[in-house]
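Participant: As input, take run.cif (mmCIF, C-alpha atoms and all ligand atoms):
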```
data_structure
#
loop_
_atom_site.group_PDB
_atom_site.id
_atom_site.type_symbol
_atom_site.label_atom_id
_atom_site.label_comp_id
_atom_site.auth_asym_id
_atom_site.auth_seq_id
_atom_site.Cartn_x
_atom_site.Cartn_y
_atom_site.Cartn_z
ATOM 1 C CA MET A 171 0.000 0.000 0.000
ATOM 2 C CA ARG A 172 2.757 2.350 1.009
ATOM 3 C CA ARG A 173 4.608 1.501 -2.199
ATOM 4 C CA ARG A 174 1.603 2.411 -4.291
ATOM 5 C CA LEU A 175 1.390 5.763 -2.499
ATOM 6 C CA TRP A 176 4.994 6.437 -3.413
ATOM 7 C CA ILE A 177 4.362 5.618 -7.050
ATOM 8 C CA VAL A 178 1.364 7.943 -7.137
ATOM 9 C CA LEU A 179 3.422 10.678 -5.510
ATOM 10 C CA LEU A 180 6.238 10.247 -8.015
ATOM 11 C CA ILE A 181 3.838 10.360 -10.946
ATOM 12 C CA LEU A 182 2.327 13.535 -9.504
ATOM 13 C CA MET A 183 5.762 15.105 -9.131
ATOM 14 C CA PHE A 184 6.627 14.293 -12.745
ATOM 15 C CA TRP A 185 3.314 15.704 -13.839
ATOM 16 C CA VAL A 186 3.862 18.959 -11.925
ATOM 17 C CA GLN A 187 7.358 19.158 -13.402
ATOM 18 C CA ALA A 188 6.012 18.585 -16.907
ATOM 19 C CA VAL A 189 3.338 21.270 -16.518
ATOM 20 C CA ARG A 190 5.804 23.732 -15.120
ATOM 21 C CA ALA A 191 8.320 23.041 -17.863
ATOM 22 C CA SER A 192 5.914 23.466 -20.755
ATOM 23 C CA GLU A 193 5.907 27.270 -20.945
ATOM 24 C CA THR A 194 8.519 29.930 -21.390
ATOM 25 C CA GLN A 195 8.245 33.219 -19.566
ATOM 26 C CA VAL A 196 9.677 36.567 -20.570
ATOM 27 C CA ALA A 197 9.189 38.863 -17.574
ATOM 28 C CA PHE A 198 9.624 42.616 -17.733
ATOM 29 C CA LEU A 199 10.203 43.022 -14.022
ATOM 30 C CA ASP A 200 8.740 45.921 -12.084
ATOM 31 C CA VAL A 201 12.028 47.423 -10.935
ATOM 32 C CA GLY A 202 10.901 51.033 -10.609
ATOM 33 C CA GLN A 203 13.028 53.410 -12.695
ATOM 34 C CA GLY A 204 15.316 51.043 -14.601
ATOM 35 C CA ASP A 205 15.264 47.902 -16.739
ATOM 36 C CA ALA A 206 15.369 44.202 -15.896
ATOM 37 C CA ILE A 207 14.058 41.472 -18.157
ATOM 38 C CA ALA A 208 14.195 37.865 -17.013
ATOM 39 C CA ILE A 209 13.672 34.921 -19.343
ATOM 40 C CA VAL A 210 13.094 31.365 -18.135
ATOM 41 C CA THR A 211 12.491 28.864 -20.908
ATOM 42 C CA ALA A 212 10.396 25.729 -21.004
ATOM 43 C CA HIS A 213 13.671 23.816 -21.393
ATOM 44 C CA GLY A 214 15.249 25.215 -18.233
ATOM 45 C CA GLY A 215 17.330 27.910 -19.945
ATOM 46 C CA SER A 216 17.605 31.291 -18.269
ATOM 47 C CA MET A 217 18.667 34.785 -19.179
ATOM 48 C CA LEU A 218 18.699 38.225 -17.586
ATOM 49 C CA ILE A 219 18.895 41.429 -19.603
ATOM 50 C CA ASP A 220 19.871 44.207 -17.165
ATOM 51 C CA ALA A 221 19.029 44.036 -13.462
ATOM 52 C CA GLY A 222 17.634 47.404 -12.346
ATOM 53 C CA THR A 223 19.074 49.294 -9.392
ATOM 54 C CA ARG A 224 20.764 47.527 -6.504
ATOM 55 C CA LYS A 225 17.599 47.780 -4.408
ATOM 56 C CA ALA A 226 15.525 46.321 -7.243
ATOM 57 C CA GLY A 227 18.050 43.516 -7.604
ATOM 58 C CA GLU A 228 17.600 42.557 -3.974
ATOM 59 C CA GLU A 229 13.842 43.010 -3.789
ATOM 60 C CA VAL A 230 12.689 41.942 -7.233
ATOM 61 C CA VAL A 231 15.277 40.242 -9.461
ATOM 62 C CA VAL A 232 16.767 37.739 -6.993
ATOM 63 C CA PRO A 233 13.312 36.716 -5.653
ATOM 64 C CA PHE A 234 12.057 36.240 -9.232
ATOM 65 C CA PHE A 235 14.725 33.652 -10.036
ATOM 66 C CA MET A 236 14.367 31.994 -6.630
ATOM 67 C CA ASN A 237 10.602 31.658 -7.112
ATOM 68 C CA ALA A 238 11.121 30.308 -10.622
ATOM 69 C CA GLY A 239 13.314 27.571 -9.151
ATOM 70 C CA ILE A 240 16.362 28.714 -11.118
ATOM 71 C CA ASP A 241 19.558 27.914 -9.243
ATOM 72 C CA ALA A 242 21.935 29.263 -11.902
ATOM 73 C CA ILE A 243 21.473 31.852 -14.658
ATOM 74 C CA ASP A 244 22.919 30.880 -18.046
ATOM 75 C CA VAL A 245 23.435 34.328 -19.537
ATOM 76 C CA VAL A 246 23.354 37.917 -18.306
ATOM 77 C CA VAL A 247 23.451 40.794 -20.798
ATOM 78 C CA ILE A 248 24.408 44.230 -19.494
ATOM 79 C CA THR A 249 23.094 46.633 -22.143
ATOM 80 C CA HIS A 250 25.144 49.549 -20.774
ATOM 81 C CA PRO A 251 26.730 50.430 -17.431
ATOM 82 C CA HIS A 252 24.266 52.939 -15.956
ATOM 83 C CA ALA A 253 23.211 52.184 -12.358
ATOM 84 C CA ASP A 254 19.517 51.714 -13.239
ATOM 85 C CA HIS A 255 20.580 48.765 -15.418
ATOM 86 C CA ILE A 256 23.520 47.201 -13.579
ATOM 87 C CA GLY A 257 23.127 47.988 -9.857
ATOM 88 C CA GLY A 258 20.848 44.993 -9.305
ATOM 89 C CA LEU A 259 23.381 42.604 -10.768
ATOM 90 C CA ILE A 260 25.529 42.924 -7.636
ATOM 91 C CA PRO A 261 22.989 41.194 -5.326
ATOM 92 C CA VAL A 262 22.210 38.717 -8.130
ATOM 93 C CA LEU A 263 25.881 37.667 -8.374
ATOM 94 C CA GLU A 264 26.091 37.439 -4.582
ATOM 95 C CA GLN A 265 23.218 34.953 -4.462
ATOM 96 C CA ILE A 266 22.868 33.141 -7.790
ATOM 97 C CA PRO A 267 25.647 31.559 -9.877
ATOM 98 C CA VAL A 268 25.894 33.084 -13.362
ATOM 99 C CA ASP A 269 27.494 31.164 -16.218
ATOM 100 C CA ARG A 270 28.527 34.063 -18.496
ATOM 101 C CA ILE A 271 28.032 37.797 -18.921
ATOM 102 C CA TYR A 272 27.880 39.784 -22.157
ATOM 103 C CA ALA A 273 28.647 43.518 -22.149
ATOM 104 C CA ASN A 274 29.960 46.234 -24.449
ATOM 105 C CA TYR A 275 33.153 47.035 -22.438
ATOM 106 C CA ASP A 276 32.181 50.710 -22.252
ATOM 107 C CA ILE A 277 34.042 52.732 -19.642
ATOM 108 C CA HIS A 278 31.962 54.348 -16.932
ATOM 109 C CA PRO A 279 33.860 55.330 -13.793
ATOM 110 C CA THR A 280 31.234 54.916 -11.074
ATOM 111 C CA GLU A 281 31.546 53.069 -7.766
ATOM 112 C CA THR A 282 28.667 50.768 -8.709
ATOM 113 C CA TYR A 283 30.294 49.694 -11.978
ATOM 114 C CA LYS A 284 33.674 49.251 -10.304
ATOM 115 C CA GLU A 285 32.120 47.081 -7.605
ATOM 116 C CA LEU A 286 30.291 45.014 -10.210
ATOM 117 C CA LEU A 287 33.462 44.447 -12.247
ATOM 118 C CA LEU A 288 35.295 43.341 -9.080
ATOM 119 C CA HIS A 289 32.529 40.822 -8.354
ATOM 120 C CA ILE A 290 32.728 39.445 -11.891
ATOM 121 C CA GLU A 291 36.514 39.197 -11.594
ATOM 122 C CA ASN A 292 36.403 37.528 -8.157
ATOM 123 C CA LEU A 293 33.782 35.012 -9.240
ATOM 124 C CA ASP A 294 35.762 34.317 -12.415
ATOM 125 C CA ILE A 295 32.698 34.640 -14.641
ATOM 126 C CA PRO A 296 33.439 34.835 -18.390
ATOM 127 C CA PHE A 297 32.899 38.487 -19.360
ATOM 128 C CA ILE A 298 32.366 38.566 -23.105
ATOM 129 C CA ARG A 299 32.203 41.539 -25.463
ATOM 130 C CA ALA A 300 28.935 41.372 -27.409
ATOM 131 C CA GLU A 301 29.125 42.482 -31.006
ATOM 132 C CA PRO A 302 26.944 42.025 -34.065
ATOM 133 C CA GLY A 303 27.391 38.408 -35.115
ATOM 134 C CA THR A 304 28.148 37.121 -31.602
ATOM 135 C CA GLY A 305 26.318 33.835 -31.129
ATOM 136 C CA ILE A 306 24.551 33.230 -27.811
ATOM 137 C CA ASP A 307 22.988 29.825 -27.228
ATOM 138 C CA ILE A 308 20.409 29.211 -24.518
ATOM 139 C CA GLU A 309 18.303 26.079 -24.234
ATOM 140 C CA GLY A 310 14.753 26.951 -25.316
ATOM 141 C CA ILE A 311 15.557 30.221 -27.138
ATOM 142 C CA ASP A 312 15.581 29.681 -30.895
ATOM 143 C CA ARG A 313 17.618 32.726 -31.858
ATOM 144 C CA ILE A 314 19.511 35.535 -30.142
ATOM 145 C CA GLU A 315 20.863 38.184 -32.461
ATOM 146 C CA ILE A 316 23.061 41.094 -31.366
ATOM 147 C CA LEU A 317 22.267 44.111 -33.576
ATOM 148 C CA HIS A 318 24.276 46.846 -31.848
ATOM 149 C CA PRO A 319 26.771 48.334 -30.947
ATOM 150 C CA GLY A 320 29.548 48.251 -33.504
ATOM 151 C CA TYR A 321 33.096 49.123 -32.447
ATOM 152 C CA PRO A 322 34.826 51.390 -31.659
ATOM 153 C CA LEU A 323 32.130 52.692 -29.330
ATOM 154 C CA SER A 324 30.861 56.258 -29.450
ATOM 155 C CA ASP A 325 31.276 58.569 -26.457
ATOM 156 C CA ASP A 326 27.569 58.328 -25.635
ATOM 157 C CA ILE A 327 26.875 55.618 -23.078
ATOM 158 C CA ASN A 328 23.164 55.294 -23.897
ATOM 159 C CA ASN A 329 23.819 55.022 -27.610
ATOM 160 C CA ASN A 330 26.354 52.253 -27.034
ATOM 161 C CA SER A 331 23.597 50.077 -25.520
ATOM 162 C CA ILE A 332 23.491 46.490 -26.672
ATOM 163 C CA VAL A 333 20.426 45.940 -28.854
ATOM 164 C CA LEU A 334 19.292 42.359 -29.257
ATOM 165 C CA ARG A 335 16.527 40.490 -30.990
ATOM 166 C CA ILE A 336 15.285 37.205 -29.633
ATOM 167 C CA GLU A 337 12.983 34.569 -31.079
ATOM 168 C CA ILE A 338 11.156 31.961 -29.024
ATOM 169 C CA GLU A 339 8.740 29.612 -30.806
ATOM 170 C CA GLY A 340 8.224 32.185 -33.554
ATOM 171 C CA ILE A 341 7.559 35.055 -31.113
ATOM 172 C CA SER A 342 10.047 37.890 -31.549
ATOM 173 C CA PHE A 343 11.305 40.457 -29.045
ATOM 174 C CA LEU A 344 13.465 43.536 -29.560
ATOM 175 C CA PHE A 345 15.432 44.741 -26.533
ATOM 176 C CA THR A 346 16.837 48.189 -27.017
ATOM 177 C CA GLY A 347 18.536 49.337 -23.808
ATOM 178 C CA ASP A 348 18.623 53.127 -23.731
ATOM 179 C CA ILE A 349 19.373 53.881 -27.400
ATOM 180 C CA GLU A 350 18.244 57.180 -28.867
ATOM 181 C CA SER A 351 17.034 58.261 -32.301
ATOM 182 C CA GLN A 352 20.503 58.394 -33.927
ATOM 183 C CA VAL A 353 21.045 54.703 -33.255
ATOM 184 C CA GLU A 354 17.489 53.872 -34.267
ATOM 185 C CA GLU A 355 18.208 55.619 -37.583
ATOM 186 C CA HIS A 356 21.568 53.852 -37.897
ATOM 187 C CA LEU A 357 19.889 50.447 -37.405
ATOM 188 C CA ILE A 358 17.361 51.238 -40.147
ATOM 189 C CA GLN A 359 20.175 52.224 -42.507
ATOM 190 C CA GLN A 360 22.045 49.018 -41.658
ATOM 191 C CA GLN A 361 18.879 47.132 -42.575
ATOM 192 C CA ALA A 362 19.093 45.377 -39.230
ATOM 193 C CA ASN A 363 16.541 42.688 -38.519
ATOM 194 C CA LEU A 364 14.293 44.952 -36.435
ATOM 195 C CA LYS A 365 10.815 43.563 -37.001
ATOM 196 C CA ALA A 366 9.464 42.209 -33.728
ATOM 197 C CA ARG A 367 6.137 41.466 -32.128
ATOM 198 C CA PHE A 368 7.293 42.836 -28.770
ATOM 199 C CA ILE A 369 9.516 45.858 -28.238
ATOM 200 C CA LYS A 370 11.039 46.996 -24.989
ATOM 201 C CA ALA A 371 10.669 50.725 -25.681
ATOM 202 C CA PRO A 372 14.114 52.373 -25.807
ATOM 203 C CA HIS A 373 15.240 54.517 -22.877
ATOM 204 C CA HIS A 374 12.155 54.107 -20.662
ATOM 205 C CA GLY A 375 9.890 55.751 -23.260
ATOM 206 C CA SER A 376 11.971 58.917 -23.445
ATOM 207 C CA LYS A 377 11.143 61.535 -26.103
ATOM 208 C CA THR A 378 14.690 61.180 -27.463
ATOM 209 C CA SER A 379 13.863 57.677 -28.728
ATOM 210 C CA SER A 380 11.049 55.673 -30.394
ATOM 211 C CA HIS A 381 10.937 57.895 -33.476
ATOM 212 C CA LEU A 382 8.193 57.069 -35.939
ATOM 213 C CA GLY A 383 10.452 55.655 -38.681
ATOM 214 C CA PHE A 384 11.969 53.241 -36.196
ATOM 215 C CA LEU A 385 8.608 52.073 -34.922
ATOM 216 C CA MET A 386 7.464 51.561 -38.516
ATOM 217 C CA ALA A 387 10.507 49.356 -39.106
ATOM 218 C CA VAL A 388 9.883 47.311 -35.949
ATOM 219 C CA GLN A 389 6.080 47.061 -36.440
ATOM 220 C CA PRO A 390 5.477 45.960 -32.850
ATOM 221 C CA SER A 391 2.068 44.783 -31.770
ATOM 222 C CA LYS A 392 3.025 45.196 -28.087
ATOM 223 C CA ALA A 393 5.306 47.784 -26.522
ATOM 224 C CA VAL A 394 6.630 47.477 -22.995
ATOM 225 C CA ILE A 395 7.842 50.580 -21.201
ATOM 226 C CA SER A 396 9.957 50.043 -18.097
ATOM 227 C CA CYS A 397 9.868 53.100 -15.849
ATOM 228 C CA GLY A 398 9.300 54.159 -12.262
ATOM 229 C CA LYS A 399 6.091 55.624 -10.936
ATOM 230 C CA ALA A 400 6.217 59.455 -10.989
ATOM 231 C CA ASN A 401 9.875 59.365 -12.042
ATOM 232 C CA PRO A 402 11.708 62.716 -12.212
ATOM 233 C CA TYR A 403 12.535 62.314 -15.937
ATOM 234 C CA GLY A 404 8.940 62.450 -17.149
ATOM 235 C CA HIS A 405 9.220 58.948 -18.658
ATOM 236 C CA PRO A 406 7.360 57.907 -20.677
ATOM 237 C CA ASP A 407 6.886 60.908 -22.935
ATOM 238 C CA PHE A 408 3.295 61.569 -23.959
ATOM 239 C CA GLU A 409 4.136 61.895 -27.678
ATOM 240 C CA VAL A 410 5.967 58.588 -27.565
ATOM 241 C CA LEU A 411 2.850 56.947 -26.172
ATOM 242 C CA LEU A 412 0.837 58.477 -29.008
ATOM 243 C CA ARG A 413 3.301 57.155 -31.592
ATOM 244 C CA TYR A 414 2.982 53.591 -30.357
ATOM 245 C CA ALA A 415 -0.781 53.941 -30.153
ATOM 246 C CA ALA A 416 -0.911 55.380 -33.694
ATOM 247 C CA LEU A 417 0.772 52.218 -34.948
ATOM 248 C CA GLY A 418 -1.776 50.100 -33.163
ATOM 249 C CA ALA A 419 0.631 48.720 -30.554
ATOM 250 C CA ASP A 420 -0.757 47.852 -27.135
ATOM 251 C CA ILE A 421 1.239 49.596 -24.437
ATOM 252 C CA TYR A 422 2.264 47.936 -21.189
ATOM 253 C CA ARG A 423 3.997 49.994 -18.500
ATOM 254 C CA THR A 424 5.758 48.674 -15.426
ATOM 255 C CA ASP A 425 4.781 51.852 -13.517
ATOM 256 C CA ILE A 426 1.100 51.093 -14.167
ATOM 257 C CA HIS A 427 0.871 47.326 -14.696
ATOM 258 C CA GLY A 428 3.755 46.187 -12.499
ATOM 259 C CA THR A 429 5.686 43.146 -13.736
ATOM 260 C CA ILE A 430 4.572 42.178 -17.238
ATOM 261 C CA THR A 431 5.046 38.519 -18.108
ATOM 262 C CA VAL A 432 4.759 37.101 -21.594
ATOM 263 C CA LEU A 433 3.986 33.382 -21.411
ATOM 264 C CA ILE A 434 4.758 31.340 -24.502
ATOM 265 C CA GLU A 435 3.530 27.819 -24.968
ATOM 266 C CA ASP A 436 3.530 25.935 -28.276
ATOM 267 C CA GLY A 437 3.727 29.230 -30.163
ATOM 268 C CA SER A 438 0.739 30.823 -28.423
ATOM 269 C CA VAL A 439 1.090 33.876 -26.215
ATOM 270 C CA ASP A 440 -0.538 35.005 -23.018
ATOM 271 C CA ILE A 441 0.300 38.182 -21.100
ATOM 272 C CA THR A 442 -0.130 38.506 -17.351
ATOM 273 C CA THR A 443 0.643 41.410 -15.057
ATOM 274 C CA TYR A 444 1.422 41.547 -11.385
ATOM 275 C CA LYS A 445 1.550 44.733 -9.349
ATOM 276 C CA ARG A 446 3.380 44.968 -6.055
ATOM 277 C CA ARG A 447 1.520 46.652 -3.229
ATOM 278 C CA ALA A 448 4.169 49.292 -2.725
ATOM 279 C CA ALA A 449 5.977 50.908 -5.642
ATOM 280 C CA LEU A 450 9.723 50.498 -5.663
ATOM 281 C CA LEU A 451 11.039 53.996 -5.247
ATOM 282 C CA ALA A 452 14.415 55.079 -6.577
ATOM 283 C CA ASP A 453 17.342 54.836 -4.143
HETATM 284 ZN ZN ZN A 501 18.136 53.578 -18.208
#
```
Have the structure of the file written as structure tokens, please.

Facilitator:
Amino acid sequence: MRRRLWIVLLILMFWVQAVRASETQVAFLDVGQGDAIAIVTAHGGSMLIDAGTRKAGEEVVVPFFMNAGIDAIDVVVITHPHADHIGGLIPVLEQIPVDRIYANYDIHPTETYKELLLHIENLDIPFIRAEPGTGIDIEGIDRIEILHPGYPLSDDINNNSIVLRIEIEGISFLFTGDIESQVEEHLIQQQANLKARFIKAPHHGSKTSSHLGFLMAVQPSKAVISCGKANPYGHPDFEVLLRYAALGADIYRTDIHGTITVLIEDGSVDITTYKRRAALLAD
């Protein structure tokens, strides 16, 4: 009798495992003013694109991976070294093993960046320069394409942001860091593969980005804006919102909707949102 109970329990555990492993989630985490996108695939692959501020890393990014049952992150991409994108990676590295990190090697002499680089060095994590053509393989992601930056870098940190396009089961995502219109224009001229169903709006929906020509090239049906509630920069810009709306793209905002999760299963898509009770205020 006891043996039968064990068998039933084991079957149940496998079933739970199978259900859990059947969908991929792309989560635009509610990190206040900043960016952090976490991807956990149906095949157990994992990726983090930026990590918000240090506080957001501790309160949002680390708990996300813990809750998802991820004990090691395959790939981290640092789009550019501003504190609202990299600060949260420090607590992540302190608590979760990371297999490799891609960055653009830009120089930014802040304490936060210095501390992060020391962590990466001490933990002996491969720190790889991402450039167009760099191949990144993650179990469960069909394609990861680096579109920007080229080298040598410019002297504008935002415009050196890594831009990447990802495809999972035919669903495409464009992650744009904090690029501005000049780079958007440059990518159009380069005939980069920009078309994507989902776009992470560049630079938190700033008026210096998301120009109409760029949005027409991307043709997104969903736009996600990652920004803090009542942030001092006025992100997102009202005209930018109008531009996305004019193209028929649904707009999701972390300051309004909280964490926005795209669930992909067998090529079909579902979007869920989760709002924390208290907004994460800037440090
Ligand atoms: Zn930023």

Participant: So, counting all atoms listed in the file, which residue among A:Val247, A:Leu411, A:Ile369, A:Ile308 is closest to Lys392 (chain A)?

Facilitator: A:Ile369

Participant: With distances taken over all atoms listed in the file, which residue among A:Gly437, A:Tyr272, A:Ala197, A:Gln361 lies nearest Ile298 (chain A)?

Facilitator: A:Tyr272

Participant: Taking into account only C-alpha atoms and all ligand atoms, which residue in the set A:Leu344, A:Ile395, A:Leu317, A:Ile243 is nearest to ligand ZN 501 (chain A)?

Facilitator: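 Of A:Leu344, A:Ile395, A:Leu317, A:Ile243, the one nearest ligand ZN 501 (chain A), counting only C-alpha atoms and all ligand atoms, is A:Ile395.
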
Participant: Write out as a list in words the residues lying within 12 Å of Phe297 (chain A), counting only C-alpha atoms and excluding same-chain residues fewer than 3 positions away.

Facilitator: Val245, Val246, Val247, Ile248, Val268, Asp269, Arg270, Ile271, Tyr272, Ala273, Asn274, Tyr275, Leu286, Leu287, Leu288, His289, Ile290, Glu291, Asn292, Leu293, Asp294 and Ala300 of chain A

Participant: So, counting all atoms listed in the file, which residue among A:Phe368, A:Ile430, A:Asn329, A:Lys377 is closest to Glu355 (chain A)?

Facilitator: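 Distance minimum relative to Glu355 (chain A) lands on A:Asn329.
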